[in-house]
Amino acid sequence: MTDSSATAPRVLVVEDEYLIRMLLEDMLDELGYEVAAAVGTISEARQIAASGEFNAAILDVNLDGQEIYPVADILAERGLPFVFVTGYGERSLPEPYRGRPALQKPFQAEQLKRTLAELMSSRTPQPT
């Protein structure tokens with residue numbers, strides 16, 4: 001990583017598939033982000049979402065059959081930006097979350113880069 005790592009934005013990664021989680025961590029590192037935490041369960045994600053120190057989050061919509069929306073609600077209450085990752089497309093998100101950024105699996109590093117850049121520049125909480 002470059003000398004800017006001390007000020008690199010910190011990202012929470014919530015993904016239950018280990019290989020995809022590792023791929024996301026590698027992508028984030030290459031894009032100049034620091035992974036604040038990478039977890040694969042709703043309970044871990046809730047804990048970190050409530051009190052963790054990070055600038056944005058990447059949330060897999062379906063974690064081993066459980067939906068991520070309670071974690072998204074915690075992040076929204078804290079005013080932290082996040083992007084959903086789903087294999088089913090943005091239209092599969094429930095109505096209250098459809099205005100949120102979403103990446104459809106599989107996605108490329110360039111798509112992640114653009115989405116995170118938009119998240120970091122807006123930093124304006126959206127209602128859920």
# chains A, B, ... in the order shown; residues from 1 in each chain; ligands from 1

$ select_by_dssp --residues "chain A" --states "strand (DSSP E or B)" --output "list in words"
Arg10, Val11, Leu12, Val13, Val14, Glu34, Val35, Ala36, Ala37, Ala38, Val39, Ala56, Ala57, Ile58, Leu59, Asp60, Asn62, Leu63, Gln66, Glu67, Phe82, Val83, Phe84, Val85, Thr86, Ala102, Leu103 and Gln104 of chain A

$ residues_around --residues "A:Leu59" --least-positions-apart "2" --cutoff "10 Å" --atoms "only C-alpha atoms" --output "list of chain:residue names"
A:Leu12, A:Val13, A:Val14, A:Glu15, A:Asp16, A:Val39, A:Gly40, A:Ala45, A:Ala56, A:Ala57, A:Val61, A:Asn62, A:Leu63, A:Glu67, A:Ile68, A:Tyr69, A:Val71, A:Ala72, A:Phe82, A:Val83, A:Phe84, A:Val85, A:Thr86, A:Ala102, A:Leu103

$ write_last_selection --atoms "N, CA and C atoms" --output "PDB file, in the first residue's frame"
ATOM      1  N   LEU A  12     -15.870  -1.492   6.280  1.00  0.00           N
ATOM      2  CA  LEU A  12     -16.363  -2.730   6.869  1.00  0.00           C
ATOM      3  C   LEU A  12     -16.871  -3.617   5.739  1.00  0.00           C
ATOM      4  N   VAL A  13     -16.424  -4.864   5.709  1.00  0.00           N
ATOM      5  CA  VAL A  13     -16.870  -5.822   4.701  1.00  0.00           C
ATOM      6  C   VAL A  13     -17.696  -6.893   5.398  1.00  0.00           C
ATOM      7  N   VAL A  14     -18.936  -7.072   4.928  1.00  0.00           N
ATOM      8  CA  VAL A  14     -19.811  -8.113   5.470  1.00  0.00           C
ATOM      9  C   VAL A  14     -20.189  -9.040   4.319  1.00  0.00           C
ATOM     10  N   GLU A  15     -19.610 -10.234   4.329  1.00  0.00           N
ATOM     11  CA  GLU A  15     -19.796 -11.222   3.247  1.00  0.00           C
ATOM     12  C   GLU A  15     -19.603 -12.599   3.841  1.00  0.00           C
ATOM     13  N   ASP A  16     -20.570 -13.487   3.644  1.00  0.00           N
ATOM     14  CA  ASP A  16     -20.492 -14.819   4.251  1.00  0.00           C
ATOM     15  C   ASP A  16     -19.654 -15.811   3.464  1.00  0.00           C
ATOM     16  N   VAL A  39     -16.290  -9.580   8.150  1.00  0.00           N
ATOM     17  CA  VAL A  39     -17.044 -10.562   8.918  1.00  0.00           C
ATOM     18  C   VAL A  39     -18.043 -11.285   8.031  1.00  0.00           C
ATOM     19  N   GLY A  40     -18.527 -12.439   8.528  1.00  0.00           N
ATOM     20  CA  GLY A  40     -19.420 -13.255   7.723  1.00  0.00           C
ATOM     21  C   GLY A  40     -20.742 -13.615   8.366  1.00  0.00           C
ATOM     22  N   ALA A  45     -21.607  -8.628  12.349  1.00  0.00           N
ATOM     23  CA  ALA A  45     -21.854  -7.395  11.609  1.00  0.00           C
ATOM     24  C   ALA A  45     -22.602  -6.382  12.467  1.00  0.00           C
ATOM     25  N   ALA A  56     -17.225   3.518   5.728  1.00  0.00           N
ATOM     26  CA  ALA A  56     -18.261   2.994   4.845  1.00  0.00           C
ATOM     27  C   ALA A  56     -18.306   1.477   5.001  1.00  0.00           C
ATOM     28  N   ALA A  57     -19.367   0.875   4.453  1.00  0.00           N
ATOM     29  CA  ALA A  57     -19.513  -0.577   4.564  1.00  0.00           C
ATOM     30  C   ALA A  57     -19.990  -1.170   3.244  1.00  0.00           C
ATOM     31  N   VAL A  61     -26.257  -8.830   0.835  1.00  0.00           N
ATOM     32  CA  VAL A  61     -27.664  -8.811   1.225  1.00  0.00           C
ATOM     33  C   VAL A  61     -28.084 -10.089   1.945  1.00  0.00           C
ATOM     34  N   ASN A  62     -27.568 -11.232   1.499  1.00  0.00           N
ATOM     35  CA  ASN A  62     -27.985 -12.516   2.057  1.00  0.00           C
ATOM     36  C   ASN A  62     -26.791 -13.200   2.723  1.00  0.00           C
ATOM     37  N   LEU A  63     -26.832 -13.275   4.038  1.00  0.00           N
ATOM     38  CA  LEU A  63     -25.760 -13.935   4.793  1.00  0.00           C
ATOM     39  C   LEU A  63     -26.274 -15.272   5.290  1.00  0.00           C
ATOM     40  N   GLU A  67     -31.152 -11.958   6.110  1.00  0.00           N
ATOM     41  CA  GLU A  67     -31.042 -10.683   5.401  1.00  0.00           C
ATOM     42  C   GLU A  67     -30.265  -9.667   6.235  1.00  0.00           C
ATOM     43  N   ILE A  68     -29.534  -8.805   5.551  1.00  0.00           N
ATOM     44  CA  ILE A  68     -28.607  -7.856   6.171  1.00  0.00           C
ATOM     45  C   ILE A  68     -29.283  -6.566   6.646  1.00  0.00           C
ATOM     46  N   TYR A  69     -30.566  -6.409   6.402  1.00  0.00           N
ATOM     47  CA  TYR A  69     -31.220  -5.127   6.635  1.00  0.00           C
ATOM     48  C   TYR A  69     -31.146  -4.599   8.073  1.00  0.00           C
ATOM     49  N   VAL A  71     -28.605  -4.697   9.969  1.00  0.00           N
ATOM     50  CA  VAL A  71     -27.278  -4.078  10.012  1.00  0.00           C
ATOM     51  C   VAL A  71     -27.305  -2.764   9.232  1.00  0.00           C
ATOM     52  N   ALA A  72     -27.964  -2.767   8.078  1.00  0.00           N
ATOM     53  CA  ALA A  72     -28.095  -1.548   7.270  1.00  0.00           C
ATOM     54  C   ALA A  72     -28.800  -0.457   8.077  1.00  0.00           C
ATOM     55  N   PHE A  82     -23.156   3.032   2.960  1.00  0.00           N
ATOM     56  CA  PHE A  82     -22.936   1.619   2.658  1.00  0.00           C
ATOM     57  C   PHE A  82     -23.470   1.287   1.288  1.00  0.00           C
ATOM     58  N   VAL A  83     -22.955   0.179   0.761  1.00  0.00           N
ATOM     59  CA  VAL A  83     -23.404  -0.337  -0.527  1.00  0.00           C
ATOM     60  C   VAL A  83     -23.823  -1.792  -0.323  1.00  0.00           C
ATOM     61  N   PHE A  84     -24.939  -2.154  -0.928  1.00  0.00           N
ATOM     62  CA  PHE A  84     -25.387  -3.540  -0.905  1.00  0.00           C
ATOM     63  C   PHE A  84     -24.696  -4.307  -2.031  1.00  0.00           C
ATOM     64  N   VAL A  85     -24.415  -5.569  -1.775  1.00  0.00           N
ATOM     65  CA  VAL A  85     -23.904  -6.477  -2.793  1.00  0.00           C
ATOM     66  C   VAL A  85     -24.911  -7.619  -2.869  1.00  0.00           C
ATOM     67  N   THR A  86     -25.399  -7.883  -4.075  1.00  0.00           N
ATOM     68  CA  THR A  86     -26.425  -8.903  -4.237  1.00  0.00           C
ATOM     69  C   THR A  86     -26.252  -9.651  -5.544  1.00  0.00           C
ATOM     70  N   ALA A 102     -26.133  -0.249  -4.957  1.00  0.00           N
ATOM     71  CA  ALA A 102     -26.067  -1.713  -4.966  1.00  0.00           C
ATOM     72  C   ALA A 102     -25.177  -2.174  -6.114  1.00  0.00           C
ATOM     73  N   LEU A 103     -24.377  -3.177  -5.827  1.00  0.00           N
ATOM     74  CA  LEU A 103     -23.547  -3.819  -6.841  1.00  0.00           C
ATOM     75  C   LEU A 103     -24.077  -5.224  -7.047  1.00  0.00           C
TER      76      LEU A 103
END

$ residues_around --residues "A:Leu80" --least-positions-apart "4" --cutoff "12 Å" --atoms "only C-alpha atoms" --output "list of chain:residue names"
A:Arg10, A:Val11, A:Leu12, A:Ala49, A:Ala50, A:Ser51, A:Gly52, A:Glu53, A:Phe54, A:Asn55, A:Ala56, A:Ala57, A:Ile58, A:Val71, A:Ala72, A:Asp73, A:Ile74, A:Leu75, A:Ala76, A:Leu119, A:Met120, A:Ser122, A:Arg123, A:Thr124, A:Pro125, A:Gln126, A:Pro127

$ select_by_dssp --residues "chain A" --states "alpha helix (DSSP H)" --output "PyMOL selection string"
chain A and resi 18-30+42-51+69-78+109-122

$ closest_residue --among "A:Ala8, A:Leu93, A:Ala36, A:Leu23" --to "A:Ile48" --atoms "only C-alpha atoms"
A:Ala36

$ atom_distance --atom1 "atom CA of A:Lys113" --atom2 "atom CA of A:Gly99"
18.9 Å

$ atom_distance --atom1 "atom CA of A:Tyr33" --atom2 "atom CA of A:Pro9"
5.3 Å

$ atom_distance --atom1 "atom CA of A:Leu24" --atom2 "atom CA of A:Gln108"
10.1 Å
